Amino acid sequence: MTLADVAAQVGVSVGTVSKVLNGRGQIAEDTRRRVAAAATELGLAVRTGTRGAPPGRSFLVGVLSTDAYGRFTIPILTGAEDTFGPGEVSMLLAESRGDPIREQHYVQTFLNQHVDGIVVTGRSSDPRTSITELLKVPAVYALSPSTDPDDVSIVPDDEAGAARAIDHLVGSGRRSIAVIAGARRHTATRHRVDSAKRAIAAAGATLAGGDALYGEWSERWGYEAAARLLGTEFDGVFCASDQIARGVVDCLRDNGIVVPTQVGVVGVDNWSVITDAARPSITSVDLNLREVGRQAADLMMRIIQGEHVEGGVRTVDCFLVPRQST
């Protein structure tokens with residue numbers, strides 16, 4: 001039996017049947033009784049509701065993203081489900097492509113669905129405009145922090161992650177370390193580069209080339225930047241993304257430089273599509289996005305349940321995944 005079978009027998013929508021079977025939503029009592037009776041007759045279980053739940057709860061949370069590829073949103077969703085699942089809370093996902101008009105439309109759609117709250121996320125750690133004033137429900141910002149300090153935001157600790165990468169390179173004997181990053185305008189670039197420079201200085205190592213190299217988040221830029229370094233002395237490279245790191249590894253291999261024997265390379269993101277396919281595989285800092293999602297969902301649940309949660313930006317520890325490149 002399926003939800004559609006119950007819907008057809010009672011003469012209601014599949015969505016209505018789903019809400020009744022899961023004990024959610026605002027459904028007329030007569031309709032709820034008829035759906036429950038039909039479901040029971042057809043052998044489907046009916047949840048009577050969550051014990052102690054406050055009135056008016058829909059047990060739905062909206063997730064509003066600007067990450068069209070899902071590269072960052074999917075692990076955040078996975079972590080959020082770790083928290084929401086035991087509380088019998090379901091998520092509705094909308095991807096706005098960074099379009100403010102589309103975003104407002106999806107916010108209204110979520111509100112029409114009577115969501116208990118909205119998790120706002122994106123494709124980078126660049127701050128984004130707050131939409132909390134548009135909402136009638138709580139909001140938590142994950143990965144892309146709100147520009148409003150009163151909002152609750154949670155992000156990876158980029159600075160600590162970069163420092164961990166440098167410590168790893170120094171610990172494997174590297175003393176002259178190059179830093180290659182994306183565009184200067186990005187928050188992640190600034191955090192990772194500044195932290196890497198501090199860690200290199202603190203370790204008594206040398207920043208190869210005298211300064212970081214800035215470009216774009218691509219393998220092409222990584223290859224080009226590594227080619228610029230060929231005339232300098234270096235035995236380690238910290239790359240602010242795995243895409244950059246793969247371009248660096250390819251350039252070094254093409255020029256007869258053996259990784260990791262002569263040069264060690266570390267990236268950021270732990271994107272297995274890149275790190276595992278590279279030759280050699282790339283050591284990388286994992287942004288721990290699943291934990292970002294888990295903690296964002298935990299904060300959301302606390303707010304929904306009436307607990308006061310202080311605004312501001314919270315950070316989640318990153319961790320390093322060693323591979324062949326170091």
# chains A, B, ... in the order shown; residues from 1 in each chain; ligands from 1
>>> residues_around(residues="stretch 189-197 of chain A", least_positions_apart="3", cutoff="8 Å", atoms="only C-alpha atoms", output="list of chain:residue names")
A:Asp158, A:Glu159, A:Ala160, A:Gly161, A:Ala162, A:Ala163, A:Ala165, A:Ile166, A:Val179, A:Ala181, A:Gly182, A:Ala183, A:Arg184, A:Arg185, A:His186, A:Ile200, A:Ala201, A:Leu207, A:Ala212, A:Phe238, A:Ala240
>>> residues_around(residues="A:Ser125", least_positions_apart="3", cutoff="12 Å", atoms="only C-alpha atoms", output="number ranges by chain")
A: 66-67, 72, 121-122, 128, 141-147, 153-158, 185-192, 287, 289, 292, 313, 315
>>> write_last_selection(atoms="N, CA and C atoms", output="compact mmCIF listing (two decimals), in the first residue's frame")
# COMPACT_ATOMS: atom_id res chain seq x y z
N THR A 66 22.29 28.55 -1.69
CA THR A 66 22.70 29.16 -2.95
C THR A 66 23.69 28.27 -3.68
N ASP A 67 23.86 27.03 -3.20
CA ASP A 67 24.85 26.10 -3.73
C ASP A 67 24.22 25.19 -4.78
N PHE A 72 28.70 21.85 -1.09
CA PHE A 72 28.76 22.20 0.32
C PHE A 72 27.45 21.91 1.05
N THR A 121 21.99 28.48 4.11
CA THR A 121 23.36 28.07 3.81
C THR A 121 23.74 28.51 2.40
N GLY A 122 24.98 28.23 1.99
CA GLY A 122 25.44 28.71 0.69
C GLY A 122 26.63 27.93 0.18
N ARG A 128 26.69 36.81 4.13
CA ARG A 128 25.56 37.09 3.25
C ARG A 128 24.57 37.99 3.97
N TYR A 141 22.17 30.44 10.31
CA TYR A 141 22.99 30.54 9.10
C TYR A 141 24.17 29.57 9.22
N ALA A 142 24.34 28.70 8.22
CA ALA A 142 25.39 27.69 8.24
C ALA A 142 26.33 27.89 7.06
N LEU A 143 27.63 27.92 7.32
CA LEU A 143 28.71 28.13 6.35
C LEU A 143 28.79 29.58 5.89
N SER A 144 27.69 30.12 5.37
CA SER A 144 27.65 31.53 4.94
C SER A 144 27.04 32.35 6.07
N PRO A 145 27.87 33.03 6.89
CA PRO A 145 27.34 33.72 8.07
C PRO A 145 26.52 34.96 7.69
N SER A 146 25.61 35.32 8.56
CA SER A 146 24.80 36.52 8.35
C SER A 146 25.63 37.77 8.64
N THR A 147 25.31 38.84 7.93
CA THR A 147 25.96 40.13 8.19
C THR A 147 25.43 40.78 9.46
N SER A 153 24.93 32.25 13.58
CA SER A 153 25.68 31.71 12.43
C SER A 153 26.70 30.69 12.91
N ILE A 154 26.98 29.69 12.07
CA ILE A 154 27.99 28.70 12.40
C ILE A 154 28.80 28.38 11.14
N VAL A 155 30.14 28.42 11.27
CA VAL A 155 31.03 28.29 10.12
C VAL A 155 32.21 27.40 10.49
N PRO A 156 32.92 26.84 9.48
CA PRO A 156 34.16 26.12 9.77
C PRO A 156 35.24 27.09 10.24
N ASP A 157 36.15 26.59 11.08
CA ASP A 157 37.25 27.42 11.57
C ASP A 157 38.37 27.38 10.54
N ASP A 158 38.26 28.22 9.51
CA ASP A 158 39.24 28.25 8.41
C ASP A 158 40.65 28.54 8.91
N ARG A 185 39.29 38.72 -2.56
CA ARG A 185 38.03 39.26 -2.04
C ARG A 185 37.27 38.26 -1.17
N HIS A 186 37.62 36.99 -1.25
CA HIS A 186 36.87 35.98 -0.51
C HIS A 186 37.32 35.88 0.95
N THR A 187 36.37 35.71 1.85
CA THR A 187 36.67 35.56 3.27
C THR A 187 37.57 34.36 3.51
N ALA A 188 37.30 33.24 2.84
CA ALA A 188 38.11 32.04 3.02
C ALA A 188 39.56 32.28 2.64
N THR A 189 39.78 33.05 1.56
CA THR A 189 41.14 33.36 1.14
C THR A 189 41.87 34.13 2.23
N ARG A 190 41.25 35.17 2.73
CA ARG A 190 41.90 35.98 3.76
C ARG A 190 42.20 35.17 5.01
N HIS A 191 41.22 34.42 5.48
CA HIS A 191 41.41 33.64 6.70
C HIS A 191 42.51 32.60 6.53
N ARG A 192 42.48 31.87 5.43
CA ARG A 192 43.44 30.79 5.24
C ARG A 192 44.85 31.31 5.00
N LEU A 287 36.72 20.57 6.03
CA LEU A 287 36.02 21.67 6.68
C LEU A 287 34.98 21.20 7.70
N LEU A 289 31.99 19.93 7.35
CA LEU A 289 30.68 20.52 7.06
C LEU A 289 29.53 19.71 7.64
N VAL A 292 29.12 21.09 10.92
CA VAL A 292 28.48 22.40 10.79
C VAL A 292 26.96 22.22 10.70
N VAL A 313 28.74 34.59 15.56
CA VAL A 313 29.31 33.52 14.72
C VAL A 313 30.03 32.51 15.58
N THR A 315 32.25 28.75 15.52
CA THR A 315 33.11 28.01 14.60
C THR A 315 33.16 26.54 14.95
>>> residues_around(residues="A:Asp116", least_positions_apart="2", cutoff="10 Å", atoms="only C-alpha atoms", output="PyMOL selection string")
chain A and resi 56-62+89+110-111+113-114+118+136-139+300-301+303-305
>>> closest_residue(among="A:Met91, A:Val237, A:Ala68, A:Ala278", to="A:Asp250", atoms="only C-alpha atoms")
A:Ala278
>>> select_by_dssp(residues="stretch 106-269 of chain A", states="helix (DSSP H, G or I)", output="PyMOL selection string")
chain A and resi 106-112+132-134+158-171+187-202+219-229+242-254
>>> residues_around(residues="A:Val170", least_positions_apart="4", cutoff="8 Å", atoms="only C-alpha atoms", output="list in words")
Ile166, Arg174, Arg175, Ala203 and Ala205 of chain A
>>> closest_residue(among="A:Gly70, A:Glu81, A:Cys251, A:Val265", to="A:Glu95", atoms="only C-alpha atoms")
A:Gly70
>>> select_by_dssp(residues="stretch 250-305 of chain A", states="strand (DSSP E)", output="list in words")
Gly264, Val265, Val266, Gly267, Val268, Thr283, Ser284, Val285 and Asp286 of chain A
>>> atom_distance(atom1="atom CA of A:Val119", atom2="atom CA of A:Gly85")
15.1 Å
>>> closest_residue(among="A:Ser18, A:Ser284, A:Gln104, A:Thr261", to="A:Ala39", atoms="only C-alpha atoms")
A:Ser18
>>> residues_around(residues="A:Ile76", least_positions_apart="2", cutoff="7 Å", atoms="only C-alpha atoms", output="ChimeraX atom specification")
/A:72-74,78-80,289-290,292-293
>>> closest_residue(among="A:Ser130, A:Val20, A:Ala38, A:Val316", to="A:Gln295", atoms="only C-alpha atoms")
A:Val316
>>> residues_around(residues="A:Val263", least_positions_apart="5", cutoff="8 Å", atoms="only C-alpha atoms", output="PDB file with N, CA and C atoms, in the first residue's frame")
ATOM      1  N   ARG A 174      59.243  20.134   6.073  1.00  0.00           N
ATOM      2  CA  ARG A 174      59.259  21.218   5.081  1.00  0.00           C
ATOM      3  C   ARG A 174      59.666  22.525   5.759  1.00  0.00           C
ATOM      4  N   PHE A 234      61.558  25.873  -2.786  1.00  0.00           N
ATOM      5  CA  PHE A 234      60.421  25.526  -1.920  1.00  0.00           C
ATOM      6  C   PHE A 234      60.336  24.005  -1.804  1.00  0.00           C
ATOM      7  N   ASP A 235      59.877  23.540  -0.654  1.00  0.00           N
ATOM      8  CA  ASP A 235      59.706  22.102  -0.456  1.00  0.00           C
ATOM      9  C   ASP A 235      58.324  21.750   0.105  1.00  0.00           C
ATOM     10  N   GLY A 236      57.452  22.770   0.171  1.00  0.00           N
ATOM     11  CA  GLY A 236      56.081  22.547   0.606  1.00  0.00           C
ATOM     12  C   GLY A 236      55.157  23.565  -0.022  1.00  0.00           C
ATOM     13  N   VAL A 237      53.897  23.169  -0.264  1.00  0.00           N
ATOM     14  CA  VAL A 237      52.905  24.099  -0.816  1.00  0.00           C
ATOM     15  C   VAL A 237      51.588  23.918  -0.054  1.00  0.00           C
ATOM     16  N   ILE A 257      59.310  17.035 -10.802  1.00  0.00           N
ATOM     17  CA  ILE A 257      59.464  17.202  -9.352  1.00  0.00           C
ATOM     18  C   ILE A 257      58.584  16.164  -8.656  1.00  0.00           C
ATOM     19  N   VAL A 258      59.190  15.365  -7.790  1.00  0.00           N
ATOM     20  CA  VAL A 258      58.494  14.236  -7.178  1.00  0.00           C
ATOM     21  C   VAL A 258      57.763  14.681  -5.909  1.00  0.00           C
ATOM     22  N   THR A 326      51.797  14.129   1.065  1.00  0.00           N
ATOM     23  CA  THR A 326      52.713  14.546   2.132  1.00  0.00           C
ATOM     24  C   THR A 326      53.383  13.342   2.766  1.00  0.00           C
TER      25      THR A 326
END
>>> closest_residue(among="A:Ala277, A:Ala245, A:Val268, A:Val115", to="A:Phe319", atoms="only C-alpha atoms")
A:Val268
>>> decode(residues="stretch 72-91 of chain A", atoms="C-alpha atoms", output="compact mmCIF listing (two decimals), in the first residue's frame")
# COMPACT_ATOMS: atom_id res chain seq x y z
CA PHE A 72 28.76 22.20 0.32
CA THR A 73 25.03 21.83 0.96
CA ILE A 74 24.89 18.02 0.82
CA PRO A 75 27.27 17.37 3.75
CA ILE A 76 25.55 20.15 5.72
CA LEU A 77 22.17 18.49 5.04
CA THR A 78 23.58 15.12 6.09
CA GLY A 79 24.75 16.56 9.39
CA ALA A 80 21.47 18.38 9.95
CA GLU A 81 19.56 15.14 9.40
CA ASP A 82 21.68 13.51 12.10
CA THR A 83 20.12 15.98 14.52
CA PHE A 84 16.65 16.47 13.03
CA GLY A 85 16.00 12.78 12.35
CA PRO A 86 15.73 11.59 15.98
CA GLY A 87 13.42 14.54 16.64
CA GLU A 88 11.19 13.44 13.74
CA VAL A 89 11.80 16.72 11.93
CA SER A 90 11.86 16.71 8.11
CA MET A 91 13.66 19.19 5.85
